[in-house]
Amino acid sequence: MGYSLFANRFSLKKNSMKKIFILSYLILSAGFAFAQDSTIKALDEVIVREKRRTAKERGEFKRHAQTVEALTEEELNRNNPAFIEQSLGTMAGVQVDKRTQLGGQRLVIRGYGNDQKFNNWGVKAYYNGVPITTAEGVTVLDDIDFSLVNNIEVVKGPAATMYGGGVGGVARFYMKSSEDKGVSLTEKSSFGSFGLFQSNTRLDVVDDNSAIALSFGHLQSDGYRPRGGSLKNFLTFFGEFKLNKKQSVTAYMSHNFSLEGVTGQVSYADYYAGIDNGNAAYAKKNARNEFLTTRFSLTHDYKFSNTFSNRTAVFYFTQDLKNVSAGADGNSQSPSLGLRSTFSWKTNLSDKVSNDFSFGTEIQQSRSLASSYRFLGTDDANPLKVQDISKGSYFKTLTNQYAYFFHNRMTFNELDLSLIIGLSANQINYTRLDLLANQGLITGYNKDLSFEKSFETSYNPHIALQKNFKDQIINVSYSEGYNAPTASTSFIGTINKVNDNLLPEKAKMFDLGIQGLLFRNRLDYQVSLFNIDITNKLTQLSGVNPAGGTYTYFANTGNQSNSGLELSLGYLIVPKTKSFFKKIEPFFNYSNYNFKYSDFKTKFGSDIVDYSNKQVVGVPKTKYTLGLDIVTKAGLYLNNTYNFMGDVYTDFANTNNVKGYALLNSKIGYKYTGKKVDFDVYFAGNNLTNQINYTFLFLGNNINDSDPGNNYPAGVATDVNPGPSKAYYFGGVNVKFKF
């Protein structure tokens with residue numbers, strides 16, 4: 001059983017593409033070698049300071065007073081923007097897991113974010129300053145059109161002072177207006193392996209007081225796994241309007257559809273052998289994730305004076321989800337609405353001391369209407385047959401989250417020294433109504449899974465001392481953050497009991513960050529030493545049901561200590577005026593971690609085991625990226641990226657070691673910028689060395705997954721989602737007409 005989403009006419013034969021890629025690579029590399037001029041002139045200081053990534057990172061590093069990394073549009077386009085894991089994965093301290101070809105992303109920042117089986121939890125996400133994350137703390141990225149994202153910033157570690165809950169950190173995505181005044185029409189098209197076809201049509205209208213963009217994006221692919229196809233359509237409106245000298249308004253609207261085939265997990269033996277026939281239990285159910293999402297936000301900026309201003313955003317988004325897995329058929333509708341407002345006041349306390357004070361709130365309410373019906377699982381003749389409704393669930397859930405915060409920076413001008421102090425108050429509560437519990441509604445349904453739960457207000461401080469030495473910034477900070485359990489983890493449905501003993505996770509982070517420019521600003525660097533202590537770790541456990549069988553539930557199992565070193569280096573070479581080259585940019589990002597459990601006891605069945613001093617699951621000790629970008633004055637360019645991911649453990653006992661891997665990606669292109677037209681023609685290849693790799697692992701007490709009907713022998717664990725083990729290619733043309 002299965003389905004075919006896409007036409008084969010967009011498919012390319014792999015051997016032909018490989019020959020084209022190798023030939024193009026050799027020709028361009030030969031041109032580089034022939035024209036190379038070894039004499040390098042001193043960089044123009046102004047140009048280097050305007051290097052977008054460096055300038056953005058320095059600004060956000062100063063503002064947040066903790067480690068921040070950024071990706072600009074140029075860096076996002078080093079690969080296919082739809083492969084967001086390839087872009088974010090180049091950052092030190094960041095890895096991206098994904099369960100499907102272009103969806104199911106799970107952000108992991110400084111070793112945090114992979115504790116849930118699916119989706120993102122513990123890492124917050126924003127789009128144009130507006131939350132993508134729901135009030136419950138869950139983030140789904142399947143419906144985001146990453147081809148429109150121009151900039152990404154990642155705040156590493158607890159950032160509750162500005163963003164409320166979240167232990168791992170914050171990922172912020174931005175779309176921007178066109179920089180060309182007048183009317184412009186942009187058409188982007190690409191095609192590649194696995195029947196990949198992408199297109200984006202965008203109309204921009206820009207004048208002195210407004211900038212409007214209207215975009216339609218389409219993406220389809222047969223997928224690199226059996227039944228792992230993707231189909232996405234995105235309709236987006238973005239507008240910026242200057243009302244007068246004091247006021248401006250930004251509007252964002254999108255309506256998006258996403259369909260991702262879910263192939264399921266395979267065994268470790270198949271994974272290491274490079275065999276991926278998919279999981280039969282998922283194939284029988286036609287497993288998939290279908291999202292229909294509408295997003296809207298309106299942001300108003302108002303300058304009361306030169307020193308006092310406000311930014312207020314109201315937002316609404318709703319996700320209509322059809323989720324079919326190996327075990328259940330689920331449907332949900334989840335609207336969220338909220339407000340984020342921040343006031344900023346800048347003043348001089350004296351001739352030598354200036355002060356920047358901000359305070360605000362973020363309030364969000366999420367509603368969910370969700371049903372789930374379990375498959376029988378053993379009837380291959382009727383694979384979609386479900387158990388009777390008394391074994392299913394139908395819930396109406398209301399979640400409210402409140403965050404109030406202030407952030408103050410006092411700067412001693414003569415010393416170029418700043419003291420930053422912040423505090424947030426965060427609170428969350430749930431109300432869930434069991435819609436199947438009405439007396440007499442369903443025969444045999446003798447329970448009521450309705451409940452209410454409210455967690456105590458959590459106060460989270462942020463203290464930092466920041467010193468500038470010419471082009472070097474030194475920042476020492478202490479931050480706290482928290483994660484409240486979700487509604488689904490706060491109730492044990494099998495035994496009809498509120499999980500009253502469940503406490504929110506709490507994190508405390510010390511961070512020493514140094515960022516700067518050296519060698520006449522040729523070299524930009526950022527280094528960070530940090531330690532994050534997480535208490536009350538939330539872990540899925542197994543209990544014995546008095547009525548027979550077992551059940552799963554969440555409990556606070558202990559603590560986790562994440563200590564590490566992160567390093568990012570970039571070097572910009574600008575050759576002589578007569579050189580063939582415009583710029584050459586090598587870069588290096590490195591993460592070295594010692595992440596351990598402490599006082600950590602977990603339970604599976606009746607066994608309680610102490611896993612203290614064991615390595616944290618799913619996170620390597622070492623991860624690094626090497627890159628080399630070359631741009632010529634003629635418009636030719638070459639991007640090379642080598643990503644290394646070290647070994648990881650999947651189980652708390654550290655007995656199952658999953659081998660690391662390295663991926664080599666490269667992109668060749670030609671770019672032209674003119675008065676009336678811009679265009680970019682490129683060809684790229686990923687995993688050029690044919691490395692076996694994975695995109696998603698089941699971890700901790702979620703390991704040893706085995707679905708009925710998966711056609712594997714009894715006792716064989718299926719915990720691995722493989723990535724494409726052979727090289728794959730894509731190419732395209734981007735054209736912008738300016739009227």
# chains A, B, ... in the order shown; residues from 1 in each chain; ligands from 1

$ residues_around --residues "Asp434 of chain A" --least-positions-apart "5" --cutoff "9 Å" --atoms "only C-alpha atoms" --output "NGL selection string"
:A and (393-397 or 448-451)

$ write_last_selection --atoms "N, CA and C atoms" --output "CSV table (one decimal), in the first residue's frame"
chain,number,residue,atom,x,y,z
A,393,SER,N,-9.2,8.7,22.2
A,393,SER,CA,-9.2,9.9,23.0
A,393,SER,C,-9.8,11.1,22.1
A,394,TYR,N,-10.4,12.0,22.8
A,394,TYR,CA,-10.9,13.2,22.2
A,394,TYR,C,-10.9,14.3,23.2
A,395,PHE,N,-9.9,15.2,23.1
A,395,PHE,CA,-9.7,16.2,24.1
A,395,PHE,C,-9.8,17.7,23.6
A,396,LYS,N,-10.3,18.5,24.4
A,396,LYS,CA,-10.3,19.9,24.2
A,396,LYS,C,-9.4,20.6,25.3
A,397,THR,N,-8.3,21.2,24.8
A,397,THR,CA,-7.3,21.7,25.8
A,397,THR,C,-7.1,23.2,25.6
A,448,ASP,N,-12.8,9.6,33.2
A,448,ASP,CA,-12.8,11.0,32.8
A,448,ASP,C,-11.4,11.6,32.9
A,449,LEU,N,-10.8,11.8,31.7
A,449,LEU,CA,-9.4,12.3,31.7
A,449,LEU,C,-9.3,13.8,31.7
A,450,SER,N,-10.4,14.5,32.1
A,450,SER,CA,-10.3,16.0,32.2
A,450,SER,C,-9.5,16.3,33.4
A,451,PHE,N,-8.8,17.4,33.3
A,451,PHE,CA,-8.0,17.9,34.5
A,451,PHE,C,-7.6,19.4,34.3

$ residues_around --residues "Thr489 of chain A" --least-positions-apart "6" --cutoff "8 Å" --atoms "only C-alpha atoms" --output "list of chain:residue names"
A:Asn499, A:Tyr553, A:Phe554

$ closest_residue --among "A:Ala283, A:Ala370, A:Ala464, A:Val140" --to "Phe118 of chain A" --atoms "only C-alpha atoms"
A:Val140

$ atom_distance --atom1 "atom CA of Gln540 of chain A" --atom2 "atom CA of Ser424 of chain A"
28.6 Å

$ closest_residue --among "A:Ser215, A:Asn348, A:Asn592, A:Thr378" --to "Asn710 of chain A" --atoms "only C-alpha atoms"
A:Thr378

$ closest_residue --among "A:Leu415, A:Val123, A:Leu292, A:His300" --to "Val353 of chain A" --atoms "only C-alpha atoms"
A:Leu415

$ residues_around --residues "Ser336 of chain A" --least-positions-apart "4" --cutoff "6 Å" --atoms "only C-alpha atoms" --output "PyMOL selection string"
chain A and resi 316-317+365-366

$ write_last_selection --atoms "C-alpha atoms" --output "PDB file, in the first residue's frame"
ATOM      1  CA  TYR A 316      -2.688  34.528  15.496  1.00  0.00           C
ATOM      2  CA  PHE A 317      -1.928  31.187  13.928  1.00  0.00           C
ATOM      3  CA  GLN A 365      -3.244  31.307  24.595  1.00  0.00           C
ATOM      4  CA  SER A 366      -3.406  28.049  22.654  1.00  0.00           C
TER       5      SER A 366
END

$ closest_residue --among "A:Leu76, A:Ala65, A:Val681, A:Met645" --to "Arg409 of chain A" --atoms "only C-alpha atoms"
A:Ala65

$ select_by_dssp --residues "segment 249-388 of chain A" --states "alpha helix (DSSP H)" --output "NGL selection string"
:A and (268-273 or 280-284)

$ write_last_selection --atoms "N, CA and C atoms" --output "mmCIF file, in the first residue's frame"
data_model
loop_
_atom_site.group_PDB
_atom_site.id
_atom_site.type_symbol
_atom_site.label_atom_id
_atom_site.label_comp_id
_atom_site.auth_asym_id
_atom_site.auth_seq_id
_atom_site.Cartn_x
_atom_site.Cartn_y
_atom_site.Cartn_z
ATOM 1 N N TYR A 268 19.157 -1.100 13.262
ATOM 2 C CA TYR A 268 20.556 -0.679 13.176
ATOM 3 C C TYR A 268 21.311 -1.509 12.146
ATOM 4 N N ALA A 269 20.991 -2.786 12.037
ATOM 5 C CA ALA A 269 21.668 -3.635 11.051
ATOM 6 C C ALA A 269 21.414 -3.124 9.644
ATOM 7 N N ASP A 270 20.164 -2.792 9.335
ATOM 8 C CA ASP A 270 19.851 -2.242 8.013
ATOM 9 C C ASP A 270 20.539 -0.895 7.815
ATOM 10 N N TYR A 271 20.538 -0.079 8.855
ATOM 11 C CA TYR A 271 21.142 1.249 8.740
ATOM 12 C C TYR A 271 22.616 1.158 8.377
ATOM 13 N N TYR A 272 23.373 0.357 9.107
ATOM 14 C CA TYR A 272 24.812 0.263 8.838
ATOM 15 C C TYR A 272 25.111 -0.420 7.513
ATOM 16 N N ALA A 273 24.178 -1.249 7.041
ATOM 17 C CA ALA A 273 24.361 -1.909 5.746
ATOM 18 C C ALA A 273 23.907 -1.027 4.587
ATOM 19 N N ALA A 280 7.469 -1.404 7.435
ATOM 20 C CA ALA A 280 6.208 -1.910 6.865
ATOM 21 C C ALA A 280 4.994 -1.487 7.682
ATOM 22 N N ALA A 281 5.161 -1.318 8.996
ATOM 23 C CA ALA A 281 4.032 -0.912 9.834
ATOM 24 C C ALA A 281 3.529 0.473 9.434
ATOM 25 N N TYR A 282 4.450 1.356 9.017
ATOM 26 C CA TYR A 282 4.067 2.689 8.558
ATOM 27 C C TYR A 282 3.488 2.639 7.149
ATOM 28 N N ALA A 283 4.059 1.782 6.308
ATOM 29 C CA ALA A 283 3.573 1.675 4.930
ATOM 30 C C ALA A 283 2.126 1.180 4.888
ATOM 31 N N LYS A 284 1.805 0.225 5.738
ATOM 32 C CA LYS A 284 0.445 -0.320 5.754
ATOM 33 C C LYS A 284 -0.590 0.729 6.141
#
